[in-house]
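To be precise, the following lines are run-v7.txt, and they hold compact mmCIF, C-alpha atoms.
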# COMPACT_ATOMS: atom_id res chain seq x y z
CA MET A 1 31.06 -19.00 23.57
CA THR A 2 28.27 -19.90 21.17
CA PRO A 3 24.77 -19.13 22.49
CA PRO A 4 22.43 -22.13 22.89
CA HIS A 5 20.57 -23.25 19.75
CA HIS A 6 22.79 -21.07 17.57
CA HIS A 7 24.31 -22.74 14.52
CA PRO A 8 27.45 -21.03 13.21
CA GLY A 9 27.33 -20.07 9.59
CA THR A 10 23.54 -19.75 9.47
CA ALA A 11 21.43 -16.64 9.65
CA ALA A 12 17.74 -16.04 10.00
CA ALA A 13 16.15 -15.59 6.59
CA GLU A 14 15.14 -12.00 6.04
CA PRO A 15 11.66 -11.41 4.62
CA ALA A 16 11.43 -10.24 1.03
CA GLN A 17 11.32 -6.45 0.97
CA VAL A 18 7.91 -4.92 0.27
CA PRO A 19 7.65 -1.30 -0.95
CA ILE A 20 5.36 0.76 1.26
CA SER A 21 3.76 2.25 -1.85
CA ALA A 22 2.66 -1.27 -2.83
CA LEU A 23 0.45 -1.42 0.26
CA GLU A 24 -1.59 1.50 -1.07
CA HIS A 25 -1.94 -0.10 -4.51
CA HIS A 26 -2.83 -3.51 -3.07
CA THR A 27 -5.42 -2.02 -0.71
CA TYR A 28 -7.08 -0.29 -3.65
CA CYS A 29 -6.78 -3.30 -5.98
CA PRO A 30 -4.50 -6.35 -5.62
CA ARG A 31 -4.30 -6.74 -9.40
CA GLN A 32 -3.11 -3.14 -9.78
CA ALA A 33 -0.29 -3.89 -7.32
CA GLY A 34 0.55 -7.07 -9.22
CA LEU A 35 0.77 -5.31 -12.59
CA ILE A 36 3.12 -2.71 -11.13
CA LEU A 37 5.34 -5.08 -9.16
CA LEU A 38 5.37 -8.18 -11.36
CA GLU A 39 5.08 -6.72 -14.86
CA ASP A 40 6.56 -3.26 -14.29
CA ALA A 41 3.42 -1.81 -15.83
CA PHE A 42 2.11 1.65 -15.10
CA ALA A 43 -0.04 4.09 -17.03
CA ASP A 44 -0.57 7.77 -16.35
CA ASP A 45 -3.79 9.69 -16.40
CA ALA A 46 -4.63 13.20 -15.24
CA ALA A 47 -4.77 12.12 -11.59
CA THR A 48 -1.43 10.30 -11.62
CA VAL A 49 0.27 13.21 -13.43
CA ARG A 50 -1.02 15.58 -10.76
CA GLY A 51 0.32 13.21 -8.12
CA THR A 52 3.72 13.02 -9.81
CA ILE A 53 4.01 16.80 -9.96
CA LEU A 54 2.96 17.09 -6.32
CA HIS A 55 5.53 14.53 -5.19
CA GLU A 56 8.29 16.17 -7.21
CA ARG A 57 7.82 19.15 -4.92
CA VAL A 58 8.01 17.18 -1.67
CA HIS A 59 10.52 14.51 -2.76
CA THR A 60 13.46 16.89 -2.80
CA PRO A 61 15.56 15.69 0.14
CA GLY A 62 16.14 18.30 2.80
CA HIS A 63 14.93 19.73 6.05
CA GLU A 64 13.75 22.94 7.58
CA THR A 65 13.42 24.07 11.16
CA ARG A 66 10.74 26.25 12.68
CA PRO A 67 10.29 27.02 16.37
CA GLY A 68 9.45 23.70 18.00
CA THR A 69 9.30 21.69 14.74
CA LYS A 70 11.86 20.12 12.45
CA THR A 71 10.53 19.04 9.05
CA LEU A 72 12.29 16.34 7.02
CA ARG A 73 11.45 15.76 3.35
CA ALA A 74 11.92 12.59 1.27
CA LEU A 75 13.11 10.59 4.27
CA PRO A 76 13.98 6.92 3.51
CA VAL A 77 12.37 4.58 6.05
CA TRP A 78 12.35 0.83 6.68
CA HIS A 79 11.17 -1.83 9.10
CA ASP A 80 13.47 -4.86 9.37
CA THR A 81 10.94 -7.13 11.08
CA LEU A 82 8.09 -6.43 8.65
CA GLY A 83 10.42 -6.17 5.67
CA LEU A 84 9.03 -2.80 4.61
CA THR A 85 10.94 -0.06 2.85
CA GLY A 86 9.97 3.29 1.36
CA VAL A 87 10.20 7.06 1.49
CA CYS A 88 8.14 9.45 3.59
CA ASP A 89 7.03 12.61 1.81
CA VAL A 90 7.34 14.65 5.01
CA VAL A 91 8.18 13.83 8.63
CA GLU A 92 7.52 16.41 11.32
CA ILE A 93 9.60 16.05 14.48
CA ARG A 94 8.60 17.89 17.63
CA ARG A 95 9.89 17.51 21.15
CA LYS A 96 7.73 14.50 21.99
CA THR A 97 6.20 13.44 18.67
CA VAL A 98 7.21 12.14 15.26
CA THR A 99 4.53 12.48 12.57
CA PRO A 100 4.62 11.21 8.97
CA VAL A 101 2.68 13.36 6.49
CA GLU A 102 1.70 11.67 3.23
CA HIS A 103 0.80 14.04 0.38
CA LYS A 104 -2.04 13.06 -1.97
CA SER A 105 -3.29 14.93 -5.03
CA GLY A 106 -6.83 13.58 -4.81
CA ARG A 107 -9.61 13.85 -2.27
CA TYR A 108 -9.03 12.15 1.06
CA GLN A 109 -10.87 8.87 1.66
CA PRO A 110 -11.28 8.03 5.36
CA GLY A 111 -10.12 4.49 5.97
CA GLY A 112 -8.79 4.26 2.42
CA PRO A 113 -5.47 3.13 0.91
CA GLY A 114 -3.72 6.33 2.00
CA ASP A 115 -4.37 5.48 5.65
CA VAL A 116 -2.67 2.09 5.24
CA GLN A 117 0.32 3.70 3.51
CA VAL A 118 0.88 6.41 6.12
CA ALA A 119 0.36 3.94 8.97
CA ALA A 120 3.10 1.75 7.49
CA GLN A 121 5.36 4.80 7.42
CA ALA A 122 4.52 5.45 11.08
CA MET A 123 5.42 1.87 12.03
CA CYS A 124 8.76 2.20 10.24
CA LEU A 125 9.49 5.49 12.01
CA GLU A 126 8.63 3.92 15.37
CA ALA A 127 11.25 1.24 14.81
CA MET A 128 13.84 3.71 13.55
CA PHE A 129 13.35 6.39 16.23
CA ASP A 130 12.44 4.01 19.07
CA THR A 131 9.22 5.91 19.69
CA THR A 132 5.45 5.46 19.60
CA ILE A 133 3.31 7.17 16.96
CA ASP A 134 -0.41 7.38 17.61
CA THR A 135 -1.31 9.82 14.83
CA ALA A 136 -0.25 10.23 11.21
CA VAL A 137 -1.43 12.75 8.62
CA VAL A 138 -2.65 12.60 5.03
CA TRP A 139 -2.55 15.97 3.31
CA SER A 140 -4.99 16.29 0.39
CA ALA A 141 -4.25 18.77 -2.38
CA THR A 142 -7.89 18.61 -3.47
CA ASP A 143 -9.23 19.31 0.01
CA ARG A 144 -6.34 21.66 0.78
CA ARG A 145 -6.20 20.38 4.33
CA ARG A 146 -4.60 17.87 6.67
CA HIS A 147 -6.48 14.76 7.74
CA GLU A 148 -5.37 13.04 10.93
CA VAL A 149 -5.18 9.24 10.89
CA ALA A 150 -5.33 7.26 14.13
CA VAL A 151 -2.59 4.62 14.00
CA ASP A 152 -4.53 2.17 16.15
CA ALA A 153 -4.38 -1.59 16.59
CA ALA A 154 -6.84 -2.29 13.77
CA LEU A 155 -4.90 -0.20 11.24
CA ARG A 156 -1.60 -1.75 12.32
CA ALA A 157 -3.09 -5.21 11.78
CA THR A 158 -4.20 -4.13 8.30
CA VAL A 159 -0.64 -3.01 7.51
CA GLU A 160 0.72 -6.39 8.61
CA THR A 161 -1.83 -8.49 6.70
CA THR A 162 -1.47 -6.36 3.57
CA THR A 163 2.32 -6.63 3.75
CA ALA A 164 2.00 -10.41 4.00
CA ALA A 165 -0.41 -10.47 1.04
CA VAL A 166 1.94 -8.42 -1.15
CA ARG A 167 4.89 -10.61 -0.18
CA ALA A 168 2.92 -13.77 -0.98
CA MET A 169 2.01 -12.34 -4.39
CA LEU A 170 5.66 -11.51 -5.08
CA THR A 171 6.76 -14.99 -4.00
CA ALA A 172 4.15 -16.72 -6.13
CA ALA A 173 4.79 -14.31 -9.05
CA SER A 174 1.12 -14.69 -9.95
CA LEU A 175 -1.21 -11.85 -10.94
CA PRO A 176 -4.43 -11.58 -8.91
CA ALA A 177 -7.70 -11.77 -10.80
CA ALA A 178 -9.21 -8.63 -12.32
CA PRO A 179 -12.02 -7.28 -10.10
CA ALA A 180 -14.06 -5.74 -12.97
CA ASP A 181 -16.00 -3.45 -10.65
CA LYS A 182 -16.42 0.28 -10.05
CA ARG A 183 -12.75 0.64 -9.07
CA CYS A 184 -11.78 0.03 -12.68
CA ARG A 185 -13.45 3.26 -13.87
CA ARG A 186 -10.97 5.29 -11.79
CA CYS A 187 -7.88 3.21 -12.56
CA SER A 188 -5.29 4.51 -15.03
CA MET A 189 -4.25 0.92 -15.74
CA ALA A 190 -7.64 -0.34 -16.95
CA GLU A 191 -6.42 -0.58 -20.56
CA SER A 192 -3.48 -2.85 -19.75
CA CYS A 193 -5.48 -4.79 -17.16
CA MET A 194 -8.50 -5.45 -19.45
CA PRO A 195 -10.82 -6.22 -16.52
CA LYS A 196 -14.01 -6.66 -18.58
CA VAL A 197 -12.35 -9.08 -20.99
CA LEU A 198 -10.86 -11.16 -18.18
CA ALA A 199 -14.06 -11.11 -16.15
CA GLY A 200 -15.97 -12.25 -19.25
CA ASP A 201 -13.45 -15.04 -19.74
CA ARG A 202 -14.04 -16.25 -16.17
CA ARG A 203 -17.80 -16.28 -16.75
CA TYR A 204 -17.30 -18.18 -20.00
CA ARG A 205 -15.11 -20.81 -18.35
CA GLN A 206 -17.62 -21.21 -15.52
CA ALA A 207 -20.49 -21.60 -17.98
CA LEU A 208 -18.48 -24.17 -19.92
CA ALA A 209 -17.77 -26.12 -16.73
CA ASP A 210 -21.46 -26.03 -15.80
CA LEU A 211 -22.41 -27.26 -19.29
CA TYR A 212 -20.32 -30.41 -18.93
CA ARG A 213 -21.16 -31.09 -15.30
CA THR A 214 -22.29 -34.70 -14.90
CA PRO A 215 -25.11 -35.78 -12.59
CA THR A 216 -22.57 -37.28 -10.19
CA ASP A 217 -20.99 -33.85 -9.87
CA GLU A 218 -24.23 -32.34 -8.59
CA PRO A 219 -24.59 -31.94 -4.82
CA PRO A 220 -27.16 -34.29 -3.22
CA THR A 221 -30.69 -32.95 -3.05
CA PRO A 222 -31.98 -32.58 0.53
CA THR A 223 -34.85 -34.95 1.34

Produce structure tokens that represent the structure in this file.
Amino acid sequence: MTPPHHHPGTAAAEPAQVPISALEHHTYCPRQAGLILLEDAFADDAATVRGTILHERVHTPGHETRPGTKTLRALPVWHDTLGLTGVCDVVEIRRKTVTPVEHKSGRYQPGGPGDVQVAAQAMCLEAMFDTTIDTAVVWSATDRRRHEVAVDAALRATVETTTAAVRAMLTAASLPAAPADKRCRRCSMAESCMPKVLAGDRRYRQALADLYRTPTDEPPTPT
């Protein structure tokens, strides 16, 4: 018997898959995420090379067991409802908790892109293991320590809105504007992005538009 409102031969459209790593890039700079996802562009610098070497160590699939803790490495994760997919560096499973541990080569930034990335991993693990995860971890190679991240309602909302923003960018296939701010000094992709050139072009186009603005285009002067 066919359930009410069900139409045979049709299926609910699945959301376009968004890589979890793209959430980190988009949180740092939407244009950086666009260059990577839409133009397959990426450039290495000292920081990204350190990160690659670090992840080569933790991205070897496998597991180990210590008393009370099972550690999984390079675990593929996904979330069907959000349309997220990715790989956790490390997942620690204890009797009552499941904890994703994201490894970063640089210094930890509280509330930064790494928090969004590891929270997305936690949300995927919740769906996969039918559990609740209140705390995730970002391990910093620079700090040489673990930093706990509270996977609270605000951070979950950020994961959802960032996922939607990345998906909208992929659907539109349009690169976001270059920010041309202090983030660019730390970005390995500044050369391919050309933020100063593009920002200057925006200023030029705005100046040109202002030059040819007619009196009727001006907003009324308050009396």

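Between CA of Ala141 (chain A) and CA of Val91 (chain A) there is a distance of 17.3 Å.
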
- Might you pull out every residue within 12 Å of Gly111 (chain A), with all atoms listed in the file counted and same-chain residues fewer than 2 positions away left off, and present them as a ChimeraX atom specification? /A:24,27-28,108-109,113-119,138,147-152,154-155,158

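Taking CA of Leu72 (chain A) as the reference point, CA of Thr132 (chain A) is found at 18.0 Å.
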
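Of the listed residues A:Ile20, A:Met169, A:Cys29, A:Ala122, the one whose atoms come nearest to Cys184 (chain A) is A:Cys29, with distances taken using only C-alpha atoms.
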
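Of the listed residues (A:Val90, A:Pro19, A:Thr135, A:His25), A:His25 comes nearest to Met189 (chain A); the distances count all atoms listed in the file.
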
- Within 8 Å of (-5.9, 18.0, -5.6), all atoms listed in the file: residues as an MDAnalysis selection string? chainID A and resid 50 104:107 140:144

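Of the residues listed (A:Thr81, A:Gln17, A:Thr99, A:Thr162), A:Thr81 shows the shortest atom-to-atom separation from Ala127 (chain A); distances use only C-alpha atoms.
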
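Relative to CA of Leu23 (chain A), CA of Val159 (chain A) is found at 7.5 Å.
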
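Ranking A:Pro30, A:Gly112, A:Pro100, A:Pro67 by their shortest atom-to-atom distance to Asp134 (chain A), with only C-alpha atoms included, puts A:Pro100 first.
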